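Novice: Just dropping this structure here.
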Amino acid sequence: MQESTIINITPDELDRLIAVSQDPVLVDVWGTHCAPCKALEELLLRQQDHLLKGISVHKLCASEFPDWSAEQAIRQVPTVLLYLDGRLVKRETQILSSSQLRRFVASVRCVEAYGGEVDGVDNVDDLILAGDYSGVRTLLDALSGEELRAPAYQRASSMLAMHDMALALSLMQIRDDFIAMALSHGWELAVKGLYNQALAAPSDNELQSLSFALLDLLPDRLLAQRWRREFYQLK
């Protein structure tokens with residue numbers, strides 16, 4: 001069985017590769033006599049058929065190409081660069097463990113789903129605000145059980161479940177408007193808008209049920225309890 005390797009490339013080869021590749025291209029910029037570089041290479045090799053599946057992985061020696069390294073602002077090694085659609089979209093200098101690589105790959109998948117935007121799309125609230133629930137699902141699927149315990153990801157999981165609910169078109173609009181308002185202007189303002197809609201239709205049981213489900217998304221449990229009492233009085 002042939003041993004798996006990561007191909008060393010030159011800057012010219014990298015330019016040609018990213019110009020034609022349909023897949024994300026990950027470049028491990030390494031240096032000689034660098035223990036963390038060796039550890040990262042071993043990590044990438046172990047994960048080529050798992051976390052890195054579908055990503056073209058290569059390495060480039062910084063010390064052999066000092067001019068290129070200066071142009072790319074490579075100040076330390078190892079540095080991981082990600083290219084998508086012919087351009088650099090993300091870099092990271094602290095990938096030394098499987099969990100760090102998993103987070104990086106999660107953001108890579110979201111960059112891909114999000115249309116090639118630059119750093120920051122791994123912010124799950126940005127994905128939800130953009131209505132990119134496919135990106136949210138991709139991000140959550142790439143995280144470990146421990147990482148999913150973070151409040152932001154737990155809320156994102158709840159929002160994803162809410163998004164997957166079968167609702168009438170009018171209720172879908174109310175749900176989407178509520179989430180967009182909450183993330184862009186704050187939860188209390190979003191709840192006030194929802195309350196006014198429920199107040200205008202006190203006999204609409206489906207709206208009432210949706211309202212209580214949306215209140216469960218509030219990160220402030222005391223605020224959620226206070227507003228739940230207000231909605232109960234509408235029944």
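In the structure tokens, the first chain shown is A, the next is B, and so on; residue numbers restart at 1 for each chain, and ligands run from 1 in the order shown.
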Could you pull the residues within 12 Å of A:Ala62, counting only C-alpha atoms, minus those fewer than 4 positions along the same chain, as a PyMOL selection string?

Specialist: chain A and resi 8-11+27-34+37+66-80

Novice: I need the residues from that last selection saved to file as a PDB file, in the first residue's frame (with N, CA and C atoms), if you can.

Specialist:
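In the end it all went to result-v8.pdb:
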ATOM      1  N   ASN A   8       4.739  18.833  -2.260  1.00  0.00           N
ATOM      2  CA  ASN A   8       5.380  20.140  -2.159  1.00  0.00           C
ATOM      3  C   ASN A   8       5.237  20.863  -3.496  1.00  0.00           C
ATOM      4  N   ILE A   9       4.841  22.107  -3.486  1.00  0.00           N
ATOM      5  CA  ILE A   9       4.687  22.853  -4.728  1.00  0.00           C
ATOM      6  C   ILE A   9       5.442  24.175  -4.648  1.00  0.00           C
ATOM      7  N   THR A  10       5.609  24.802  -5.796  1.00  0.00           N
ATOM      8  CA  THR A  10       6.259  26.114  -5.885  1.00  0.00           C
ATOM      9  C   THR A  10       5.181  27.187  -5.999  1.00  0.00           C
ATOM     10  N   PRO A  11       5.541  28.453  -5.815  1.00  0.00           N
ATOM     11  CA  PRO A  11       4.550  29.518  -6.004  1.00  0.00           C
ATOM     12  C   PRO A  11       3.929  29.531  -7.396  1.00  0.00           C
ATOM     13  N   VAL A  27      -3.039  25.192   1.550  1.00  0.00           N
ATOM     14  CA  VAL A  27      -1.580  25.173   1.451  1.00  0.00           C
ATOM     15  C   VAL A  27      -0.978  25.298   2.841  1.00  0.00           C
ATOM     16  N   ASP A  28      -0.185  24.304   3.192  1.00  0.00           N
ATOM     17  CA  ASP A  28       0.563  24.299   4.446  1.00  0.00           C
ATOM     18  C   ASP A  28       1.923  24.935   4.172  1.00  0.00           C
ATOM     19  N   VAL A  29       2.095  26.179   4.630  1.00  0.00           N
ATOM     20  CA  VAL A  29       3.374  26.875   4.450  1.00  0.00           C
ATOM     21  C   VAL A  29       4.272  26.492   5.624  1.00  0.00           C
ATOM     22  N   TRP A  30       5.372  25.806   5.328  1.00  0.00           N
ATOM     23  CA  TRP A  30       6.196  25.223   6.375  1.00  0.00           C
ATOM     24  C   TRP A  30       7.630  25.730   6.285  1.00  0.00           C
ATOM     25  N   GLY A  31       8.417  25.364   7.273  1.00  0.00           N
ATOM     26  CA  GLY A  31       9.822  25.747   7.292  1.00  0.00           C
ATOM     27  C   GLY A  31      10.681  24.585   7.747  1.00  0.00           C
ATOM     28  N   THR A  32      11.955  24.629   7.400  1.00  0.00           N
ATOM     29  CA  THR A  32      12.884  23.584   7.821  1.00  0.00           C
ATOM     30  C   THR A  32      13.199  23.733   9.307  1.00  0.00           C
ATOM     31  N   HIS A  33      13.541  22.610   9.946  1.00  0.00           N
ATOM     32  CA  HIS A  33      13.872  22.597  11.381  1.00  0.00           C
ATOM     33  C   HIS A  33      12.733  23.195  12.225  1.00  0.00           C
ATOM     34  N   CYS A  34      11.495  22.886  11.831  1.00  0.00           N
ATOM     35  CA  CYS A  34      10.308  23.428  12.513  1.00  0.00           C
ATOM     36  C   CYS A  34       9.474  22.258  13.025  1.00  0.00           C
ATOM     37  N   CYS A  37       5.740  22.424  12.390  1.00  0.00           N
ATOM     38  CA  CYS A  37       5.442  22.164  10.976  1.00  0.00           C
ATOM     39  C   CYS A  37       5.307  20.661  10.730  1.00  0.00           C
ATOM     40  N   PRO A  66      11.608  33.078  -0.366  1.00  0.00           N
ATOM     41  CA  PRO A  66      11.481  34.223   0.549  1.00  0.00           C
ATOM     42  C   PRO A  66      10.706  35.400  -0.044  1.00  0.00           C
ATOM     43  N   ASP A  67      10.846  35.625  -1.348  1.00  0.00           N
ATOM     44  CA  ASP A  67      10.118  36.739  -1.959  1.00  0.00           C
ATOM     45  C   ASP A  67       8.610  36.491  -1.910  1.00  0.00           C
ATOM     46  N   TRP A  68       8.213  35.268  -2.255  1.00  0.00           N
ATOM     47  CA  TRP A  68       6.792  34.920  -2.191  1.00  0.00           C
ATOM     48  C   TRP A  68       6.281  35.012  -0.762  1.00  0.00           C
ATOM     49  N   SER A  69       7.073  34.509   0.182  1.00  0.00           N
ATOM     50  CA  SER A  69       6.671  34.547   1.591  1.00  0.00           C
ATOM     51  C   SER A  69       6.459  35.981   2.064  1.00  0.00           C
ATOM     52  N   ALA A  70       7.335  36.905   1.616  1.00  0.00           N
ATOM     53  CA  ALA A  70       7.177  38.310   1.994  1.00  0.00           C
ATOM     54  C   ALA A  70       5.916  38.894   1.370  1.00  0.00           C
ATOM     55  N   GLU A  71       5.657  38.554   0.110  1.00  0.00           N
ATOM     56  CA  GLU A  71       4.453  39.055  -0.569  1.00  0.00           C
ATOM     57  C   GLU A  71       3.186  38.571   0.127  1.00  0.00           C
ATOM     58  N   GLN A  72       3.224  37.350   0.642  1.00  0.00           N
ATOM     59  CA  GLN A  72       2.055  36.761   1.307  1.00  0.00           C
ATOM     60  C   GLN A  72       2.001  37.082   2.797  1.00  0.00           C
ATOM     61  N   ALA A  73       2.955  37.895   3.264  1.00  0.00           N
ATOM     62  CA  ALA A  73       3.011  38.290   4.678  1.00  0.00           C
ATOM     63  C   ALA A  73       3.088  37.074   5.604  1.00  0.00           C
ATOM     64  N   ILE A  74       3.911  36.096   5.215  1.00  0.00           N
ATOM     65  CA  ILE A  74       4.135  34.921   6.054  1.00  0.00           C
ATOM     66  C   ILE A  74       5.146  35.300   7.125  1.00  0.00           C
ATOM     67  N   ARG A  75       4.692  35.471   8.350  1.00  0.00           N
ATOM     68  CA  ARG A  75       5.561  35.915   9.439  1.00  0.00           C
ATOM     69  C   ARG A  75       5.956  34.778  10.380  1.00  0.00           C
ATOM     70  N   GLN A  76       5.250  33.667  10.294  1.00  0.00           N
ATOM     71  CA  GLN A  76       5.612  32.512  11.108  1.00  0.00           C
ATOM     72  C   GLN A  76       5.141  31.248  10.412  1.00  0.00           C
ATOM     73  N   VAL A  77       5.778  30.159  10.765  1.00  0.00           N
ATOM     74  CA  VAL A  77       5.382  28.863  10.222  1.00  0.00           C
ATOM     75  C   VAL A  77       5.118  27.910  11.391  1.00  0.00           C
ATOM     76  N   PRO A  78       4.181  26.989  11.196  1.00  0.00           N
ATOM     77  CA  PRO A  78       3.405  26.799   9.973  1.00  0.00           C
ATOM     78  C   PRO A  78       2.256  27.811   9.854  1.00  0.00           C
ATOM     79  N   THR A  79       1.943  28.181   8.621  1.00  0.00           N
ATOM     80  CA  THR A  79       0.774  28.990   8.312  1.00  0.00           C
ATOM     81  C   THR A  79      -0.049  28.229   7.281  1.00  0.00           C
ATOM     82  N   VAL A  80      -1.346  28.151   7.500  1.00  0.00           N
ATOM     83  CA  VAL A  80      -2.233  27.466   6.567  1.00  0.00           C
ATOM     84  C   VAL A  80      -3.010  28.503   5.774  1.00  0.00           C
TER      85      VAL A  80
END

Novice: For stretch 212-229 of chain A, find every residue with an atom within 8 Å (counting only C-alpha atoms), except residues of its own chain fewer than 5 positions away, and show them as a list in words.

Specialist: Pro151, Arg155, Ser158, Met159, Arg175, Trp187, Glu188 and Val191 of chain A

Novice: Restricting the calculation to only C-alpha atoms: of A:Leu234, A:Leu169, A:Ala182, A:Leu139, which residue gets closest to A:Ala201?

Specialist: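 That would be A:Leu234, the residue with the smallest distance to A:Ala201.
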
Novice: Which is closest to A:Leu51 among A:Leu207, A:Leu101, A:Ala200, A:Val136, if we use only C-alpha atoms?

Specialist: A:Leu101

Novice: Applying 7 Å and only C-alpha atoms, which residues near A:Ile55 remain after dropping the ones on its own chain fewer than 5 positions away? List them as a VMD selection string.

Specialist: chain A and resid 23 to 26

Novice: What does the structure give for the distance between atom CA of A:Leu210 and atom CA of A:Ala180, in Å to one decimal?

Specialist: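 Interatomic distance, atom CA of A:Leu210 to atom CA of A:Ala180: 15.6 Å.
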
Novice: Which residue, A:Ser157, A:Thr5, A:Gln100, A:Thr93, has the smallest gap to A:Val57 when you use only C-alpha atoms?

Specialist: A:Thr5

Novice: Name the residues of stretch 52-212 of chain A that come out as strand (DSSP E) in a backbone DSSP run; write them as a PyMOL selection string.

Specialist: chain A and resi 56-61+79-84+87-92

Novice: Any chance you can output those residues with C-alpha atoms as a PDB file, in the first residue's frame?

Specialist:
ATOM      1  CA  SER A  56      -6.868  19.809  -2.295  1.00  0.00           C
ATOM      2  CA  VAL A  57      -3.990  19.811   0.212  1.00  0.00           C
ATOM      3  CA  HIS A  58      -0.431  20.887  -0.642  1.00  0.00           C
ATOM      4  CA  LYS A  59       2.597  22.326   1.120  1.00  0.00           C
ATOM      5  CA  LEU A  60       5.072  25.062   0.247  1.00  0.00           C
ATOM      6  CA  CYS A  61       8.434  25.723   1.916  1.00  0.00           C
ATOM      7  CA  THR A  79       0.774  28.990   8.312  1.00  0.00           C
ATOM      8  CA  VAL A  80      -2.233  27.466   6.567  1.00  0.00           C
ATOM      9  CA  LEU A  81      -3.680  29.276   3.560  1.00  0.00           C
ATOM     10  CA  LEU A  82      -7.029  28.522   1.939  1.00  0.00           C
ATOM     11  CA  TYR A  83      -7.789  29.444  -1.655  1.00  0.00           C
ATOM     12  CA  LEU A  84     -11.221  29.321  -3.243  1.00  0.00           C
ATOM     13  CA  ARG A  87      -8.207  33.823  -4.398  1.00  0.00           C
ATOM     14  CA  LEU A  88      -7.025  33.646  -0.817  1.00  0.00           C
ATOM     15  CA  VAL A  89     -10.027  33.600   1.504  1.00  0.00           C
ATOM     16  CA  LYS A  90      -8.614  32.472   4.842  1.00  0.00           C
ATOM     17  CA  ARG A  91      -5.362  31.975   6.761  1.00  0.00           C
ATOM     18  CA  GLU A  92      -4.528  30.475  10.136  1.00  0.00           C
TER      19      GLU A  92
END

Novice: May I have all residues of stretch 19-53 of chain A that DSSP, computed from the backbone, assigns to alpha helix (DSSP H), given as a list in words?

Specialist: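 DSSP on the backbone gives alpha helix (DSSP H) at Ala19, Val20, Ala35, Pro36, Cys37, Lys38, Ala39, Leu40, Glu41, Glu42, Leu43, Leu44, Leu45, Arg46 and Gln47 of chain A.
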